[in-house]
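A quick write-up on the structure given underneath.
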There are 2 protein chains.
Amino acid sequence: MANIQQVAQKAGVSVATVSRFLNGNAKVTSKTKLKVEDAIKELNYEPSILGRNLRNSESRLLLVLIPSISNPFYTEIINGIEDTALNHQYNILLCDTDSNPERENIYFDLMRRKLADGIISMDPAVNREKLHELAEHHAIIQCSEYTENGSIPYVTIDNEAAAYQAVKHLIKIGHHKIALINSDETFLYARQRRKGYEKALTEFNLPIQEDWIYHTHQLGFENGQQAVRKLLHLHDPPTAIFTVSDILAIGALKELNARGIQVPNDMAVIGFDKIIFSSMTNPTLTTISQPMYKMGCTAATMLLDKMKGQPVDNITLDHELVIRESTMG
Amino acid sequence: MANIQQVAQKAGVSVATVSRFLNGNAKVTSKTKLKVEDAIKELNYEPSILGRNLRNSESRLLLVLIPSISNPFYTEIINGIEDTALNHQYNILLCDTDSNPERENIYFDLMRRKLADGIISMDPAVNREKLHELAEHHAIIQCSEYTENGSIPYVTIDNEAAAYQAVKHLIKIGHHKIALINSDETFLYARQRRKGYEKALTEFNLPIQEDWIYHTHQLGFENGQQAVRKLLHLHDPPTAIFTVSDILAIGALKELNARGIQVPNDMAVIGFDKIIFSSMTNPTLTTISQPMYKMGCTAATMLLDKMKGQPVDNITLDHELVIRESTMG
DNA sequence: ATTTGACATGTAAACGATTACAAATTAGCT
DNA sequence: AGCTAATTTGTAATCGTTTACATGTCAAAT
């Protein structure tokens, strides 16, 4: 609870000297160094970050906007962000927006009011307009989900190519009736993945059937289960399912299992993300691997660069189709 | 970028008046209110949290120490903490310690240096000594994992009773050879759950066999898989497994499935936590349900009380045995 | 002994809010 | 109108740092 003044007084030097000692940038005689060290120890002094922050007008806090902390996809990315941030003496303020505009506003305000030095947004449901407005005066990076033709730098994967690859794989192993369990198409990634899905079908002269495209607004297991129930009730049900999220795929697998439908023989399933759970299901899940940790590191690095005023380019990371039991006939 | 001074000047009032207007506690004439409002709008003024924090010597930030953000058990608790914190205008700083003392130190320093107003620790591997030292001058609550006879308030469940109940259930459905997959017994919860396990065995005159007790230092799927491999190699393998974490149980299930061992007929399995994924496995996992969200809310409320200087009591929340397919013969 | 320059230290002004306390204004009454 | 009391506003100190600038110190060079 002692402050720098008291340390200075006890050491018989000025506050400037104490500050210099603390920050280690300017030279301090070893004699005074000792005096200051002693005073600090004696008073149990700890420099206040609050005072420093005000003076430096920085908080060394980074905001990370995610729709839900419960999705392992995001937690992996967060690991990458956190490691990178810590390496540069930044801490992260995790903002679970729940895709709720009110919450989002709370967090945007933290930025406006200087409690954060930068933002990494991963929320597909983010208010684009407000985000861009904020971006005029603040450092912002988008991670995974982004806005096309916007002015905010982003790191992502090629969603269309990934979806295309997944669906092509299904076609190659003999499927012609392939369903898509997509999320809300107001999200860019959903539109892109649908595009990849359609591209593959078209390339192989397969019809695009609206019946086989299911939309869900949330990414819970139960939504995958629901989707499967719906798809199975069609008069001409698909024989394979491509899903835009492992969570949905795992729900789908569960429902198929429950109904005694054999995966992959009666129905092949592909997920997206390669979350850790996807290798624990039975059968294991074929999925598109996203470099989540790396994406987090990249986003953080981009943000730090941006904050330094350096120009930053958009980055597209590599994905990979991981073939596992759910598509191995 | 404008500050309160400029707003005051433009509005033709003093900074005190502007401040009062902002905080809405003291009375301001509607006439001056208008003037101030206009000035704020015109200057695009946003009050700086940095300045306020210094003056009030508070950060309105809460530290949450977890061993790993990847474990769904913690993310559910965090949801509870976050909701409660936000309701009281606090934000949380998520601290993934990775059970790494260096990281822990970084975060403890944030507290010492006033960047946090309180801590909720959930890390079983936390340095108890340092934590108690910190607790002498700062508000700290332990959540889930705690220290016996310590001075830090905690919220938890009755681990021994829960384990006892789980193992008793296994015995009741006919098992005599029950393995325990435990984590590191330097952790209190591990010792407590073991105690419950032994209590149940003893009560039914079953021997406690060291062979059937497996210890793992980490809580990954692979650790559960490893444990099963080890247990199956025993000359007298168990017919049921009680696991101190769903993650381990799911790994165990996976390994059993892979070896064609039928669950629950050849081997019954019980997990702990009731993470969401535990209902997606095949078979679904019998487990001890912990009220994770509620635990988070409780911990946060306790911390806020503690910070206000109110006395807080330890709280034990209810658990529940959820019987599902992995123990339904 | 004096000058020069390098280097260490001190002084004091920020950073941007909040809040006792003092001063000024207003309202209420006779 | 004149007085008092209540209410609104202003003044200035404060929170704890950092840092430009001024000052001081000391050794080397003359």
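Chain identifiers are assigned as A, B, and so on, following the order in which chains appear in the structure tokens; residues are numbered from 1 within each chain, and ligands are numbered from 1 in order of appearance.
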When the cut-off is 9 Å and we count only C-alpha atoms, which residues of chain B are near chain A, given as a tab-separated table (two decimals) with N, CA, C and O atoms, in the first residue's frame?
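The new file out_21.tsv reads:
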```tsv
chain	number	residue	atom	x	y	z
B	46	GLU	N	-15.96	10.29	-24.12
B	46	GLU	CA	-16.18	9.04	-23.38
B	46	GLU	C	-15.31	9.11	-22.13
B	46	GLU	O	-14.10	9.29	-22.25
B	47	PRO	N	-15.89	9.00	-20.98
B	47	PRO	CA	-15.09	9.09	-19.76
B	47	PRO	C	-14.05	7.98	-19.71
B	47	PRO	O	-14.33	6.84	-20.07
B	48	SER	N	-12.87	8.30	-19.29
B	48	SER	CA	-11.79	7.32	-19.24
B	48	SER	C	-11.85	6.49	-17.97
B	48	SER	O	-11.88	7.01	-16.86
B	49	ILE	N	-11.89	5.20	-18.18
B	49	ILE	CA	-11.92	4.31	-17.02
B	49	ILE	C	-10.59	4.36	-16.28
B	49	ILE	O	-10.52	4.17	-15.08
B	50	LEU	N	-9.53	4.65	-17.03
B	50	LEU	CA	-8.21	4.71	-16.43
B	50	LEU	C	-8.17	5.77	-15.33
B	50	LEU	O	-7.70	5.52	-14.21
B	51	GLY	N	-8.64	6.96	-15.68
B	51	GLY	CA	-8.65	8.04	-14.69
B	51	GLY	C	-9.51	7.70	-13.50
B	51	GLY	O	-9.11	7.86	-12.34
B	53	ASN	N	-10.38	4.76	-12.43
B	53	ASN	CA	-9.81	3.68	-11.65
B	53	ASN	C	-8.75	4.19	-10.69
B	53	ASN	O	-8.72	3.79	-9.52
B	54	LEU	N	-7.90	5.06	-11.18
B	54	LEU	CA	-6.84	5.55	-10.33
B	54	LEU	C	-7.43	6.30	-9.13
B	54	LEU	O	-7.08	6.06	-7.99
B	55	ARG	N	-8.34	7.19	-9.46
B	55	ARG	CA	-8.93	7.98	-8.39
B	55	ARG	C	-9.65	7.10	-7.36
B	55	ARG	O	-9.53	7.29	-6.16
B	57	SER	N	-9.12	4.07	-6.81
B	57	SER	CA	-8.25	2.91	-6.56
B	57	SER	C	-9.00	1.58	-6.56
B	57	SER	O	-9.01	0.84	-5.59
B	58	GLU	N	-9.61	1.34	-7.68
B	58	GLU	CA	-10.22	0.04	-7.95
B	58	GLU	C	-10.14	-0.19	-9.45
B	58	GLU	O	-9.98	0.75	-10.22
B	59	SER	N	-10.22	-1.44	-9.86
B	59	SER	CA	-10.12	-1.73	-11.28
B	59	SER	C	-11.41	-2.32	-11.82
B	59	SER	O	-11.63	-2.39	-13.01
B	69	ILE	N	-8.42	-23.78	-19.84
B	69	ILE	CA	-9.68	-23.29	-20.40
B	69	ILE	C	-10.33	-24.36	-21.27
B	69	ILE	O	-11.48	-24.24	-21.66
B	70	SER	N	-9.58	-25.41	-21.57
B	70	SER	CA	-10.09	-26.43	-22.49
B	70	SER	C	-11.03	-27.42	-21.81
B	70	SER	O	-11.71	-28.19	-22.47
B	71	ASN	N	-11.07	-27.41	-20.50
B	71	ASN	CA	-11.95	-28.33	-19.79
B	71	ASN	C	-13.34	-27.71	-19.60
B	71	ASN	O	-13.48	-26.70	-18.92
B	72	PRO	N	-14.36	-28.33	-20.20
B	72	PRO	CA	-15.71	-27.78	-20.17
B	72	PRO	C	-16.24	-27.58	-18.74
B	72	PRO	O	-17.11	-26.74	-18.51
B	75	THR	N	-15.41	-24.04	-18.01
B	75	THR	CA	-16.09	-23.04	-18.81
B	75	THR	C	-17.52	-22.81	-18.32
B	75	THR	O	-18.01	-21.69	-18.34
B	76	GLU	N	-18.15	-23.87	-17.84
B	76	GLU	CA	-19.50	-23.70	-17.30
B	76	GLU	C	-19.49	-22.83	-16.05
B	76	GLU	O	-20.34	-21.98	-15.84
B	78	ILE	N	-17.26	-20.64	-15.35
B	78	ILE	CA	-16.93	-19.28	-15.78
B	78	ILE	C	-18.18	-18.54	-16.25
B	78	ILE	O	-18.35	-17.35	-15.98
B	79	ASN	N	-19.04	-19.24	-16.95
B	79	ASN	CA	-20.30	-18.62	-17.36
B	79	ASN	C	-21.03	-18.03	-16.16
B	79	ASN	O	-21.55	-16.91	-16.21
B	82	GLU	N	-19.09	-15.01	-14.80
B	82	GLU	CA	-19.17	-13.84	-15.67
B	82	GLU	C	-20.54	-13.16	-15.58
B	82	GLU	O	-20.62	-11.93	-15.48
B	86	LEU	N	-20.79	-9.34	-14.30
B	86	LEU	CA	-21.32	-8.30	-15.18
B	86	LEU	C	-22.51	-7.59	-14.53
B	86	LEU	O	-22.66	-6.38	-14.67
B	91	ASN	N	-15.73	-6.92	-14.54
B	91	ASN	CA	-15.34	-7.78	-15.64
B	91	ASN	C	-14.33	-8.80	-15.16
B	91	ASN	O	-13.68	-8.58	-14.14
B	92	ILE	N	-14.23	-9.88	-15.89
B	92	ILE	CA	-13.30	-10.91	-15.43
B	92	ILE	C	-12.10	-11.05	-16.35
B	92	ILE	O	-12.20	-10.92	-17.55
B	93	LEU	N	-11.00	-11.29	-15.70
B	93	LEU	CA	-9.74	-11.50	-16.38
B	93	LEU	C	-9.46	-12.98	-16.24
B	93	LEU	O	-9.18	-13.46	-15.14
B	94	LEU	N	-9.56	-13.68	-17.36
B	94	LEU	CA	-9.40	-15.12	-17.30
B	94	LEU	C	-7.93	-15.51	-17.26
B	94	LEU	O	-7.15	-15.04	-18.07
B	95	CYS	N	-7.57	-16.32	-16.31
B	95	CYS	CA	-6.17	-16.66	-16.13
B	95	CYS	C	-5.96	-18.15	-16.23
B	95	CYS	O	-6.20	-18.89	-15.29
B	96	ASP	N	-5.53	-18.55	-17.39
B	96	ASP	CA	-5.26	-19.95	-17.66
B	96	ASP	C	-3.85	-20.20	-17.13
B	96	ASP	O	-2.87	-19.85	-17.77
B	103	ARG	N	3.25	-18.63	-14.57
B	103	ARG	CA	2.04	-17.95	-15.00
B	103	ARG	C	1.26	-17.47	-13.80
B	103	ARG	O	0.74	-16.37	-13.77
B	106	ILE	N	2.54	-14.28	-12.55
B	106	ILE	CA	2.12	-13.14	-13.35
B	106	ILE	C	0.77	-12.64	-12.86
B	106	ILE	O	0.56	-11.45	-12.65
B	109	ASP	N	0.74	-11.11	-9.40
B	109	ASP	CA	1.27	-9.75	-9.46
B	109	ASP	C	0.21	-8.75	-9.89
B	109	ASP	O	0.17	-7.63	-9.40
B	110	LEU	N	-0.64	-9.17	-10.79
B	110	LEU	CA	-1.70	-8.26	-11.23
B	110	LEU	C	-2.54	-7.84	-10.03
B	110	LEU	O	-3.01	-6.71	-9.93
B	112	ARG	N	-1.49	-7.91	-6.75
B	112	ARG	CA	-0.65	-7.09	-5.86
B	112	ARG	C	-0.53	-5.67	-6.39
B	112	ARG	O	-0.49	-4.72	-5.63
B	113	ARG	N	-0.49	-5.57	-7.68
B	113	ARG	CA	-0.27	-4.26	-8.28
B	113	ARG	C	-1.58	-3.59	-8.65
B	113	ARG	O	-1.62	-2.70	-9.48
B	114	LYS	N	-2.64	-4.07	-8.07
B	114	LYS	CA	-3.94	-3.38	-8.12
B	114	LYS	C	-4.67	-3.43	-9.45
B	114	LYS	O	-5.61	-2.66	-9.65
B	115	LEU	N	-4.26	-4.34	-10.34
B	115	LEU	CA	-5.04	-4.40	-11.56
B	115	LEU	C	-6.26	-5.29	-11.39
B	115	LEU	O	-7.07	-5.45	-12.28
B	221	PHE	N	-8.15	-36.77	-22.47
B	221	PHE	CA	-8.76	-38.02	-22.92
B	221	PHE	C	-7.75	-39.15	-22.92
B	221	PHE	O	-8.02	-40.27	-22.49
B	250	ILE	N	-14.49	-40.45	-20.57
B	250	ILE	CA	-14.75	-40.49	-22.01
B	250	ILE	C	-13.57	-41.13	-22.73
B	250	ILE	O	-13.74	-41.94	-23.65
B	251	GLY	N	-12.37	-40.81	-22.29
B	251	GLY	CA	-11.18	-41.48	-22.83
B	251	GLY	C	-11.25	-42.97	-22.57
B	251	GLY	O	-10.95	-43.80	-23.45
B	253	LEU	N	-13.94	-44.80	-22.09
B	253	LEU	CA	-14.99	-45.36	-22.96
B	253	LEU	C	-14.43	-45.62	-24.35
B	253	LEU	O	-14.67	-46.67	-24.95
B	254	LYS	N	-13.71	-44.63	-24.83
B	254	LYS	CA	-13.16	-44.73	-26.18
B	254	LYS	C	-12.27	-45.96	-26.30
B	254	LYS	O	-12.38	-46.74	-27.25
B	257	ASN	N	-14.30	-49.15	-26.17
B	257	ASN	CA	-14.97	-49.33	-27.45
B	257	ASN	C	-14.00	-49.88	-28.48
B	257	ASN	O	-14.31	-50.84	-29.20
B	258	ALA	N	-12.83	-49.27	-28.53
B	258	ALA	CA	-11.84	-49.65	-29.52
B	258	ALA	C	-11.45	-51.11	-29.36
B	258	ALA	O	-11.10	-51.79	-30.32
B	276	ILE	N	-21.25	-31.35	-20.76
B	276	ILE	CA	-22.28	-31.55	-21.79
B	276	ILE	C	-21.97	-32.75	-22.66
B	276	ILE	O	-22.86	-33.51	-23.03
B	277	PHE	N	-20.72	-32.92	-22.98
B	277	PHE	CA	-20.34	-33.98	-23.89
B	277	PHE	C	-20.65	-35.37	-23.34
B	277	PHE	O	-20.75	-36.33	-24.10
B	279	SER	N	-23.24	-36.64	-22.47
B	279	SER	CA	-24.49	-37.22	-22.93
B	279	SER	C	-24.42	-37.53	-24.42
B	279	SER	O	-25.38	-37.99	-25.02
B	280	MET	N	-23.27	-37.26	-25.02
B	280	MET	CA	-23.12	-37.48	-26.45
B	280	MET	C	-22.31	-38.74	-26.75
B	280	MET	O	-22.17	-39.13	-27.89
B	281	THR	N	-21.75	-39.34	-25.73
B	281	THR	CA	-20.95	-40.54	-25.97
B	281	THR	C	-21.87	-41.72	-26.22
B	281	THR	O	-23.08	-41.64	-26.02
B	282	ASN	N	-21.27	-42.80	-26.65
B	282	ASN	CA	-22.03	-44.00	-26.91
B	282	ASN	C	-21.36	-45.15	-26.19
B	282	ASN	O	-20.28	-45.56	-26.58
```
Once you count only C-alpha atoms (C1' of nucleotides), which residues of chain C turn out to be within 7 Å of chain A? Could you give them as a compact mmCIF listing (two decimals) with N, CA, C and O atoms (P, O5', C5', C4', C3', O3' and C1' of nucleotides), in the first residue's frame?
```txt
# COMPACT_ATOMS: atom_id res chain seq x y z
P DA C 8 24.95 6.96 -15.45
O5' DA C 8 24.41 7.80 -14.21
C5' DA C 8 25.34 8.20 -13.21
C4' DA C 8 24.65 9.08 -12.20
C3' DA C 8 23.31 8.57 -11.68
O3' DA C 8 23.37 8.68 -10.27
C1' DA C 8 23.05 10.76 -12.58
P DT C 9 22.11 8.27 -9.39
O5' DT C 9 21.31 9.62 -9.38
C5' DT C 9 21.64 10.60 -8.40
C4' DT C 9 20.77 11.81 -8.59
C3' DT C 9 19.32 11.63 -8.14
O3' DT C 9 19.20 12.32 -6.91
C1' DT C 9 19.52 12.92 -10.15
P DG C 10 17.80 12.40 -6.17
O5' DG C 10 17.21 13.77 -6.73
C5' DG C 10 18.00 14.94 -6.63
C4' DG C 10 17.23 16.14 -7.17
C3' DG C 10 15.78 16.23 -6.68
O3' DG C 10 15.53 17.59 -6.36
C1' DG C 10 15.84 16.20 -9.05
P DC C 15 -2.25 16.11 -20.35
O5' DC C 15 -2.72 14.61 -20.03
C5' DC C 15 -1.94 13.50 -20.42
C4' DC C 15 -2.37 12.32 -19.61
C3' DC C 15 -3.85 12.34 -19.24
O3' DC C 15 -4.58 11.68 -20.25
C1' DC C 15 -2.45 11.60 -17.43
```
Any idea what's packed within 12 Å of DT30 of chain C, counting only C-alpha atoms (C1' of nucleotides), ignoring anything in its chain fewer than 5 positions away? Could you give it as a PDB file with N, CA and C atoms (P, O5', C5', C4', C3', O3' and C1' of nucleotides), in the first residue's frame?
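Okay, selection_31.pdb is ready:
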```pdb
ATOM      1  P    DA D   1     -38.165  44.520  -4.338  1.00  0.00           P
ATOM      2  O5'  DA D   1     -37.571  44.764  -2.891  1.00  0.00           O
ATOM      3  C5'  DA D   1     -37.544  46.040  -2.337  1.00  0.00           C
ATOM      4  C4'  DA D   1     -37.247  45.838  -0.886  1.00  0.00           C
ATOM      5  C3'  DA D   1     -35.866  45.292  -0.618  1.00  0.00           C
ATOM      6  O3'  DA D   1     -35.412  45.842   0.607  1.00  0.00           O
ATOM      7  C1'  DA D   1     -37.468  43.698   0.090  1.00  0.00           C
ATOM      8  P    DG D   2     -33.965  45.594   1.077  1.00  0.00           P
ATOM      9  O5'  DG D   2     -34.244  44.359   2.052  1.00  0.00           O
ATOM     10  C5'  DG D   2     -35.016  44.551   3.230  1.00  0.00           C
ATOM     11  C4'  DG D   2     -34.899  43.275   4.056  1.00  0.00           C
ATOM     12  C3'  DG D   2     -33.464  42.738   4.136  1.00  0.00           C
ATOM     13  O3'  DG D   2     -33.258  42.291   5.469  1.00  0.00           O
ATOM     14  C1'  DG D   2     -34.856  41.099   3.207  1.00  0.00           C
ATOM     15  P    DC D   3     -31.812  41.910   5.972  1.00  0.00           P
ATOM     16  O5'  DC D   3     -32.015  40.392   6.410  1.00  0.00           O
ATOM     17  C5'  DC D   3     -33.075  40.048   7.319  1.00  0.00           C
ATOM     18  C4'  DC D   3     -33.309  38.566   7.200  1.00  0.00           C
ATOM     19  C3'  DC D   3     -32.033  37.726   7.233  1.00  0.00           C
ATOM     20  O3'  DC D   3     -32.029  36.929   8.418  1.00  0.00           O
ATOM     21  C1'  DC D   3     -33.491  37.017   5.486  1.00  0.00           C
ATOM     22  P    DT D   4     -30.790  35.939   8.716  1.00  0.00           P
ATOM     23  O5'  DT D   4     -31.408  34.541   8.313  1.00  0.00           O
ATOM     24  C5'  DT D   4     -32.770  34.257   8.633  1.00  0.00           C
ATOM     25  C4'  DT D   4     -33.122  32.910   8.056  1.00  0.00           C
ATOM     26  C3'  DT D   4     -32.021  31.870   8.174  1.00  0.00           C
ATOM     27  O3'  DT D   4     -32.586  30.664   8.677  1.00  0.00           O
ATOM     28  C1'  DT D   4     -32.693  32.078   5.910  1.00  0.00           C
TER      29       DT D   4
END
```
**Request:** Would you kindly report the residues of chain D within 7 Å of chain A, using only C-alpha atoms (C1' of nucleotides), as a PyMOL selection string?
**Result:** chain D and resi 16-18
Residues as selected, N, CA and C atoms (P, O5', C5', C4', C3', O3' and C1' of nucleotides), written as a PDB file, in the first residue's frame, can you do that?
```
ATOM      1  P    DG D  16      -2.186   6.201  -3.906  1.00  0.00           P
ATOM      2  O5'  DG D  16      -1.283   6.029  -5.208  1.00  0.00           O
ATOM      3  C5'  DG D  16      -1.620   5.010  -6.148  1.00  0.00           C
ATOM      4  C4'  DG D  16      -0.664   5.116  -7.309  1.00  0.00           C
ATOM      5  C3'  DG D  16       0.804   5.140  -6.912  1.00  0.00           C
ATOM      6  O3'  DG D  16       1.495   4.229  -7.728  1.00  0.00           O
ATOM      7  C1'  DG D  16       0.319   6.939  -8.323  1.00  0.00           C
ATOM      8  P    DT D  17       2.968   3.863  -7.480  1.00  0.00           P
ATOM      9  O5'  DT D  17       3.454   3.649  -8.992  1.00  0.00           O
ATOM     10  C5'  DT D  17       4.183   4.648  -9.652  1.00  0.00           C
ATOM     11  C4'  DT D  17       3.584   4.895 -11.004  1.00  0.00           C
ATOM     12  C3'  DT D  17       4.630   5.312 -12.015  1.00  0.00           C
ATOM     13  O3'  DT D  17       4.895   4.209 -12.861  1.00  0.00           O
ATOM     14  C1'  DT D  17       2.810   6.891 -11.943  1.00  0.00           C
ATOM     15  P    DT D  18       6.281   4.176 -13.660  1.00  0.00           P
ATOM     16  O5'  DT D  18       6.151   5.408 -14.656  1.00  0.00           O
ATOM     17  C5'  DT D  18       5.338   5.267 -15.803  1.00  0.00           C
ATOM     18  C4'  DT D  18       5.448   6.523 -16.639  1.00  0.00           C
ATOM     19  C3'  DT D  18       6.833   6.741 -17.259  1.00  0.00           C
ATOM     20  O3'  DT D  18       6.601   7.149 -18.592  1.00  0.00           O
ATOM     21  C1'  DT D  18       6.194   8.655 -16.023  1.00  0.00           C
TER      22       DT D  18
END
```
**Message:** For a quick check of understanding, using only C-alpha atoms, which of B:Gln209, B:Thr147, B:Gln6, B:Gln226 has the smallest distance to Phe187 of chain B?
**Reply:**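 Under the stated criterion, the closest residue is B:Thr147.
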As a PDB file with C-alpha atoms, in the first residue's frame, please: every residue in segment 82-266 of chain A that a backbone DSSP assignment puts in helix (DSSP H, G or I).
```pdb
ATOM      1  CA  GLU A  82      -3.306 -15.750 -24.522  1.00  0.00           C
ATOM      2  CA  ASP A  83       0.142 -17.224 -25.003  1.00  0.00           C
ATOM      3  CA  THR A  84       1.051 -14.563 -27.516  1.00  0.00           C
ATOM      4  CA  ALA A  85      -0.415 -11.748 -25.469  1.00  0.00           C
ATOM      5  CA  LEU A  86       1.372 -12.813 -22.295  1.00  0.00           C
ATOM      6  CA  ASN A  87       4.643 -12.912 -24.191  1.00  0.00           C
ATOM      7  CA  PRO A 101     -26.016  -6.982 -28.537  1.00  0.00           C
ATOM      8  CA  GLU A 102     -26.307  -5.625 -25.009  1.00  0.00           C
ATOM      9  CA  ARG A 103     -23.311  -7.551 -23.854  1.00  0.00           C
ATOM     10  CA  GLU A 104     -21.462  -6.548 -26.937  1.00  0.00           C
ATOM     11  CA  ASN A 105     -22.129  -2.941 -26.081  1.00  0.00           C
ATOM     12  CA  ILE A 106     -20.710  -3.364 -22.628  1.00  0.00           C
ATOM     13  CA  TYR A 107     -17.520  -4.607 -24.137  1.00  0.00           C
ATOM     14  CA  PHE A 108     -17.354  -2.014 -26.869  1.00  0.00           C
ATOM     15  CA  ASP A 109     -17.675   0.581 -24.162  1.00  0.00           C
ATOM     16  CA  LEU A 110     -14.679  -0.843 -22.369  1.00  0.00           C
ATOM     17  CA  MET A 111     -12.711  -0.111 -25.499  1.00  0.00           C
ATOM     18  CA  ARG A 112     -14.129   3.357 -26.009  1.00  0.00           C
ATOM     19  CA  ARG A 128     -20.594  -5.000 -38.176  1.00  0.00           C
ATOM     20  CA  GLU A 129     -21.508  -1.365 -38.329  1.00  0.00           C
ATOM     21  CA  LYS A 130     -20.536  -0.643 -34.771  1.00  0.00           C
ATOM     22  CA  LEU A 131     -17.391  -2.685 -35.115  1.00  0.00           C
ATOM     23  CA  HIS A 132     -16.277  -0.659 -38.099  1.00  0.00           C
ATOM     24  CA  GLU A 133     -17.158   2.551 -36.359  1.00  0.00           C
ATOM     25  CA  LEU A 134     -14.959   1.524 -33.444  1.00  0.00           C
ATOM     26  CA  ALA A 135     -12.225   0.446 -35.819  1.00  0.00           C
ATOM     27  CA  ASN A 159     -14.004 -21.801 -45.924  1.00  0.00           C
ATOM     28  CA  GLU A 160     -15.257 -22.368 -49.417  1.00  0.00           C
ATOM     29  CA  ALA A 161     -12.306 -24.524 -50.406  1.00  0.00           C
ATOM     30  CA  ALA A 162     -12.582 -26.500 -47.186  1.00  0.00           C
ATOM     31  CA  ALA A 163     -16.269 -27.221 -47.672  1.00  0.00           C
ATOM     32  CA  TYR A 164     -15.663 -28.055 -51.288  1.00  0.00           C
ATOM     33  CA  GLN A 165     -12.982 -30.521 -50.305  1.00  0.00           C
ATOM     34  CA  ALA A 166     -15.182 -32.169 -47.700  1.00  0.00           C
ATOM     35  CA  VAL A 167     -18.114 -32.607 -50.023  1.00  0.00           C
ATOM     36  CA  LYS A 168     -15.910 -33.776 -52.855  1.00  0.00           C
ATOM     37  CA  HIS A 169     -14.579 -36.440 -50.522  1.00  0.00           C
ATOM     38  CA  LEU A 170     -18.125 -37.631 -49.859  1.00  0.00           C
ATOM     39  CA  ILE A 171     -18.815 -37.760 -53.563  1.00  0.00           C
ATOM     40  CA  LYS A 172     -15.626 -39.644 -54.236  1.00  0.00           C
ATOM     41  CA  LEU A 188     -20.178 -15.151 -43.862  1.00  0.00           C
ATOM     42  CA  TYR A 189     -18.599 -18.472 -43.025  1.00  0.00           C
ATOM     43  CA  ALA A 190     -21.972 -20.167 -43.477  1.00  0.00           C
ATOM     44  CA  ARG A 191     -22.422 -18.645 -46.907  1.00  0.00           C
ATOM     45  CA  GLN A 192     -18.905 -19.541 -47.912  1.00  0.00           C
ATOM     46  CA  ARG A 193     -19.213 -23.118 -46.802  1.00  0.00           C
ATOM     47  CA  ARG A 194     -22.481 -23.464 -48.591  1.00  0.00           C
ATOM     48  CA  LYS A 195     -20.826 -22.146 -51.699  1.00  0.00           C
ATOM     49  CA  GLY A 196     -18.145 -24.814 -51.428  1.00  0.00           C
ATOM     50  CA  TYR A 197     -20.824 -27.439 -50.923  1.00  0.00           C
ATOM     51  CA  GLU A 198     -22.680 -26.322 -54.001  1.00  0.00           C
ATOM     52  CA  LYS A 199     -19.540 -26.029 -56.039  1.00  0.00           C
ATOM     53  CA  ALA A 200     -18.646 -29.655 -55.400  1.00  0.00           C
ATOM     54  CA  LEU A 201     -22.145 -30.849 -56.217  1.00  0.00           C
ATOM     55  CA  THR A 202     -22.269 -28.826 -59.387  1.00  0.00           C
ATOM     56  CA  GLU A 203     -18.876 -30.016 -60.482  1.00  0.00           C
ATOM     57  CA  GLU A 210     -33.063 -27.311 -50.792  1.00  0.00           C
ATOM     58  CA  ASP A 211     -34.589 -30.145 -48.788  1.00  0.00           C
ATOM     59  CA  TRP A 212     -31.149 -31.347 -47.923  1.00  0.00           C
ATOM     60  CA  PHE A 221     -25.384 -30.791 -29.876  1.00  0.00           C
ATOM     61  CA  GLU A 222     -29.170 -30.757 -29.786  1.00  0.00           C
ATOM     62  CA  ASN A 223     -29.267 -28.743 -32.987  1.00  0.00           C
ATOM     63  CA  GLY A 224     -27.350 -31.483 -34.760  1.00  0.00           C
ATOM     64  CA  GLN A 225     -29.750 -34.066 -33.387  1.00  0.00           C
ATOM     65  CA  GLN A 226     -32.744 -32.068 -34.532  1.00  0.00           C
ATOM     66  CA  ALA A 227     -31.306 -31.661 -37.978  1.00  0.00           C
ATOM     67  CA  VAL A 228     -30.870 -35.392 -38.381  1.00  0.00           C
ATOM     68  CA  ARG A 229     -34.432 -36.035 -37.274  1.00  0.00           C
ATOM     69  CA  LYS A 230     -35.660 -33.620 -39.892  1.00  0.00           C
ATOM     70  CA  LEU A 231     -33.482 -35.041 -42.624  1.00  0.00           C
ATOM     71  CA  LEU A 232     -34.530 -38.613 -41.901  1.00  0.00           C
ATOM     72  CA  ASP A 246     -18.098 -30.611 -35.139  1.00  0.00           C
ATOM     73  CA  ILE A 247     -20.592 -29.866 -32.406  1.00  0.00           C
ATOM     74  CA  LEU A 248     -23.437 -30.281 -34.866  1.00  0.00           C
ATOM     75  CA  ALA A 249     -21.805 -33.363 -36.358  1.00  0.00           C
ATOM     76  CA  ILE A 250     -21.437 -34.967 -32.950  1.00  0.00           C
ATOM     77  CA  GLY A 251     -25.096 -34.294 -32.226  1.00  0.00           C
ATOM     78  CA  ALA A 252     -25.915 -35.803 -35.578  1.00  0.00           C
ATOM     79  CA  LEU A 253     -23.819 -38.879 -34.854  1.00  0.00           C
ATOM     80  CA  LYS A 254     -25.588 -39.303 -31.553  1.00  0.00           C
ATOM     81  CA  GLU A 255     -29.007 -39.190 -33.148  1.00  0.00           C
ATOM     82  CA  LEU A 256     -27.982 -41.618 -35.868  1.00  0.00           C
ATOM     83  CA  ASN A 257     -26.568 -44.005 -33.286  1.00  0.00           C
ATOM     84  CA  ALA A 258     -29.730 -43.761 -31.240  1.00  0.00           C
TER      85      ALA A 258
END
```
